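*Asks:* One structure is given below, represented as structure tokens, and several questions about it will come after.
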Amino acid sequence: MPELLNLLLVIVLLFNFLMLGTSRLRAVIDAAAAQGILLGVAYLAMHGASGFRALALGVAMIGIKGVLIPRILRDALRSQGIRREVEPFVSFTTSLLLGALATGLSVVFARTLPLAAEDANVLLIPASLATQLTGFIVLTTRRKALTQVVGYLTLENGIFIFGLTLIEAMPFLVEAGVLLDVLVGVFVMGIVVDHISREFSSIDSDELTELRE
Amino acid sequence: MNALLVAVAAPLAFALVAFATPSERVRPWLLPAAALCQLPLVGFLLASAGTPAAGDWIGLDPLGALLLGYLSVLFACCAFYAPPYLRLRRERPNRVFCTMLLVFFAMMNFFLVSQHVGLMWVTIEAMALCAGPLLYFNRNRRSIEATWKYLLIGSVGIALALLGSFFLGYSALHAGLESSLVLGDVTLHAAGLSKPWLHAAFVLLLIGYGTKMGLAPMHTWKPDAYGEAPGLVGALLAGGATSCAFVGVLRFYSVCVAAGDGAFARELMLGFGLLSMAVGGVFMVRQRDYKRMLAYSSVEHMGILVLGAAIGGAGLFGALLHVLGNGFAKGVLFLSAANIHRAFGSKSTDDVRGALRVVPASATLFLLGFLAATGAPPFGPFLSEFTILRAAVADDRFGVAGAFLALLLLVFIGMGATVLAVVQGDPPDPERDAGRGRPDLEPGRGRPDLAPGRARPGGERLQKLAPIAVLLVLVLLLGVWVPEPLATALWSAARFVEGSP
């Protein structure tokens, strides 16, 4: 079981790099979707056998994070007719390097953490930290509002990886609630992004500068 | 099903009705109807509900009880302001607005009765998502920018709170305890929690819920959101949502206290408190947009809340009293500011002068609200701020007490200058003032109903003044007479947080 989990987590980390290194918005969305699917599979692998509810939740997770949310984002993308992230605040090469640094530091840092015995030899904690940091890099260095939504989603994915360590404490209803909140959140943000592009004829969030001191 | 969930279900039911109601004129009246339904309901729940048993997801701790009662009063006042406000905005469909306002209210109640850390997270995030469409009511460039910042900053902050919640669960797991995220269980086993994880959890939870409160330096969404929000949404955000987030902070603080780590948490809260007061105070000086000024005032008051909690004992009592005083005072300020905004068509002191002569009643309420919010006697905030100050001095923290006083003075001067500029002087004369004013500060853009530079006297309707007057009476009452049941509720909430029932 740890081998499968580690394999899934390594692929999640690879998608982090894809997200950081590409300028194509479609690919960024696809990377986040792939992460969502992988995490749903990881959830099923760890807990799917424990009952119908866990099974349903895992499938719902794959459906929402892997299919539904990416569809919302792709629709928003299509309606705006943009393809690429242009001129991010930090170049793609630099953000890749930052991502590599973040991943390395996460692995080193996770070793120093006091972990429960069963979590010490799987990649859960470092993968969680690295994915969160990737989310933060995307959130802070990209101009397009849509990419920032993906950054938020990646941050949430990273937090979810940590949550895999304590499924017992998170009851079914709460997990479902978190998932629903993320879905509605992305849905609302998708609408807002759409309105931004109508009002400002671009979705560069750095054009949102009317409100300031 | 827990009886407490009725307090959530009732507004939700009204939200459904509001969504199904076809008439734009009838729909807004569902808000006061829901509020009138909620008041006796909450009164009954407060009288009958006992303390939550260990393991209960839904329960009413003394903290939740205090805020639940307060929130239904605040909501009632705002709800009665809504129909006359929405009647003036007839050009805009209000279906989404009314529905979301009721769901927003339901989620605040849900948060207060949640005893599960995960459920608290779900409800506070749901609260933010409902507030998004409310902020976007005016549908112009400025409001979309405000909504975007509110959603993104709020979501990222609250994501960190989710991580903190997980850390809290992990601190039990790591210590070999049964991992549970029900507050009662966590507090019960708090002494055995793994310390490093608990510390990390509290930092993240304070940052996450602090973002929702609008503590500096996570306050950056606040001026934009409050500046662009319709007055009654601003009042509910500043008085309701932020107070709920403060309840969240206090609940986690109480876990820290139970774990014997109160000192660590207090240091952090003290730092955030003083920083927020300073940031709020500094940005209020020479602030020309009087709605943004209210946002910075809210940042400052959130600072006072965590500062009072950090001082502890009577300071915490003062902070809880301040939640009520600040909420009602913010209600007065936001709603009267909305009336002034409407009369002048601008929210900049460049265009707004002489409000006392144009809209005398609203301007008087605005002025009195300012006095209440800055802690002038005999209003409630004076009593609570004085209590916090006295607790700081009694605790021999003279540095903190001195900084607290100095910052209050800064706020009084800074806020006073803007407020006086709004209410005093001669109303602007469009011919004489032609060409004045900065176009980028003209909030009337995209709002055909608002024409800046032209004061429209009269039109002050009793319906739009009475709710504000009620709020003012409440904040005044808090200052002169705290009724016995309220004092008991405040003390039991304070003792509950500090774990000495």
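So you can find residues: chains in the structure tokens are A, B, ... in the order shown, residues in each start at 1, and ligands are numbered from 1 in order.
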Set out as a Markdown table a contact list for chain A and chain B with a cut-off of 6 Å, giving each residue of chain A that qualifies its closest atom pair and distance in Å to one decimal, counting only C-alpha atoms, ordered by chain and rising residue number.
*Replies:*
```
| residue | atom | partner | partner_atom | distance |
| --- | --- | --- | --- | --- |
| A:Ala116 | CA | B:His174 | CA | 5.0 |
| A:Ile159 | CA | B:Leu163 | CA | 5.7 |
| A:Ala169 | CA | B:Ser180 | CA | 4.6 |
| A:Val174 | CA | B:Gly118 | CA | 5.8 |
| A:Gly177 | CA | B:Val122 | CA | 5.9 |
| A:Val178 | CA | B:Val122 | CA | 5.7 |
| A:Leu208 | CA | B:Glu145 | CA | 5.8 |
```
*Asks:* Could you turn the residues from that selection into a file that holds C-alpha atoms, as a short mmCIF file (atom, residue, chain, number, x, y, z; two decimals), in the first residue's frame?
*Replies:*
```
data_model
loop_
_atom_site.label_atom_id
_atom_site.label_comp_id
_atom_site.auth_asym_id
_atom_site.auth_seq_id
_atom_site.Cartn_x
_atom_site.Cartn_y
_atom_site.Cartn_z
CA ALA A 116 3.48 9.51 13.74
CA ILE A 159 -3.93 20.62 2.16
CA ALA A 169 -11.09 12.49 12.49
CA VAL A 174 -17.50 17.29 6.86
CA GLY A 177 -18.93 19.77 2.97
CA VAL A 178 -15.32 20.74 2.28
CA LEU A 208 -7.71 45.50 -10.76
#
```
*Asks:* Identify, with DSSP run on backbone atoms, the residues in segment 167-304 of chain B assigned to helix (DSSP H, G or I), and express the list as number ranges by chain.
*Replies:* B: 167-174, 183-188, 190-192, 195-213, 221-228, 231-258, 262-284, 290-304
*Asks:* So that I can check the surroundings of Leu320 of chain B, please list as a PyMOL selection string every protein, DNA and RNA residue that reaches within 9 Å of it, counting only C-alpha atoms and ignoring chain neighbours fewer than 6 positions away.
*Replies:* chain B and resi 63+66+305+308-309+384+490-491+493-494
*Asks:* Using only C-alpha atoms, pick whichever of A:Glu87, A:Glu175, A:Asp204, A:Glu156 has the shortest atom-to-atom distance to Ser128 of chain A.
*Replies:*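 Of all the options, A:Glu156 lies closest to Ser128 of chain A.
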*Asks:* Which residues are close to Ala127 of chain A, i.e. within 9 Å by only C-alpha atoms, leaving aside same-chain residues fewer than 6 positions away? Reply as a list of chain:residue names.
*Replies:*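 After dropping sequence-adjacent residues, the list is A:Leu9, A:Val10, A:Val12, A:Leu13, A:Thr103, A:Ser106, A:Val107, A:Gly158, A:Ile161, A:Phe162.
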*Asks:* Restrict the selected residues to N, CA and C atoms and save them as a PDB file, in the first residue's frame.
*Replies:*
```pdb
ATOM      1  N   LEU A   9       1.765   9.924  -5.268  1.00  0.00           N
ATOM      2  CA  LEU A   9       2.203  11.234  -4.794  1.00  0.00           C
ATOM      3  C   LEU A   9       3.336  11.786  -5.653  1.00  0.00           C
ATOM      4  N   VAL A  10       4.222  10.888  -6.125  1.00  0.00           N
ATOM      5  CA  VAL A  10       5.299  11.356  -7.003  1.00  0.00           C
ATOM      6  C   VAL A  10       4.709  11.923  -8.289  1.00  0.00           C
ATOM      7  N   VAL A  12       1.792  13.272  -8.540  1.00  0.00           N
ATOM      8  CA  VAL A  12       1.221  14.571  -8.164  1.00  0.00           C
ATOM      9  C   VAL A  12       2.306  15.637  -8.194  1.00  0.00           C
ATOM     10  N   LEU A  13       3.481  15.307  -7.671  1.00  0.00           N
ATOM     11  CA  LEU A  13       4.582  16.273  -7.659  1.00  0.00           C
ATOM     12  C   LEU A  13       5.007  16.640  -9.079  1.00  0.00           C
ATOM     13  N   THR A 103      10.146  21.984  -3.346  1.00  0.00           N
ATOM     14  CA  THR A 103       9.985  20.544  -3.162  1.00  0.00           C
ATOM     15  C   THR A 103      11.125  19.976  -2.318  1.00  0.00           C
ATOM     16  N   SER A 106      10.749  20.967   1.217  1.00  0.00           N
ATOM     17  CA  SER A 106       9.646  20.247   1.852  1.00  0.00           C
ATOM     18  C   SER A 106      10.110  18.888   2.340  1.00  0.00           C
ATOM     19  N   VAL A 107      10.908  18.202   1.488  1.00  0.00           N
ATOM     20  CA  VAL A 107      11.389  16.871   1.880  1.00  0.00           C
ATOM     21  C   VAL A 107      12.284  16.988   3.111  1.00  0.00           C
ATOM     22  N   GLY A 158      -2.969  20.432  -1.921  1.00  0.00           N
ATOM     23  CA  GLY A 158      -1.884  20.149  -0.990  1.00  0.00           C
ATOM     24  C   GLY A 158      -2.409  19.935   0.418  1.00  0.00           C
ATOM     25  N   ILE A 161      -3.930  16.580   0.762  1.00  0.00           N
ATOM     26  CA  ILE A 161      -2.976  15.475   0.939  1.00  0.00           C
ATOM     27  C   ILE A 161      -2.680  15.302   2.427  1.00  0.00           C
ATOM     28  N   PHE A 162      -2.511  16.444   3.127  1.00  0.00           N
ATOM     29  CA  PHE A 162      -2.272  16.330   4.570  1.00  0.00           C
ATOM     30  C   PHE A 162      -3.481  15.688   5.250  1.00  0.00           C
TER      31      PHE A 162
END
```
*Asks:* Measuring atom to atom with only C-alpha atoms, identify which of A:Leu105, A:Leu183, A:Leu123, A:Ala42 is nearest to Val67 of chain A.
*Replies:*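 So, comparing all the options, the nearest one is A:Leu183.
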*Asks:* Could you check how far atom CA of Pro381 of chain B sits from atom CA of Met277 of chain B, in Å to one decimal?
*Replies:*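 About the pair atom CA of Pro381 of chain B and atom CA of Met277 of chain B: they are 14.8 Å apart.
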*Asks:* What's the separation between atom CA of Leu367 of chain B and atom CA of Ile413 of chain B, in Å to one decimal place?
*Replies:* 13.6 Å
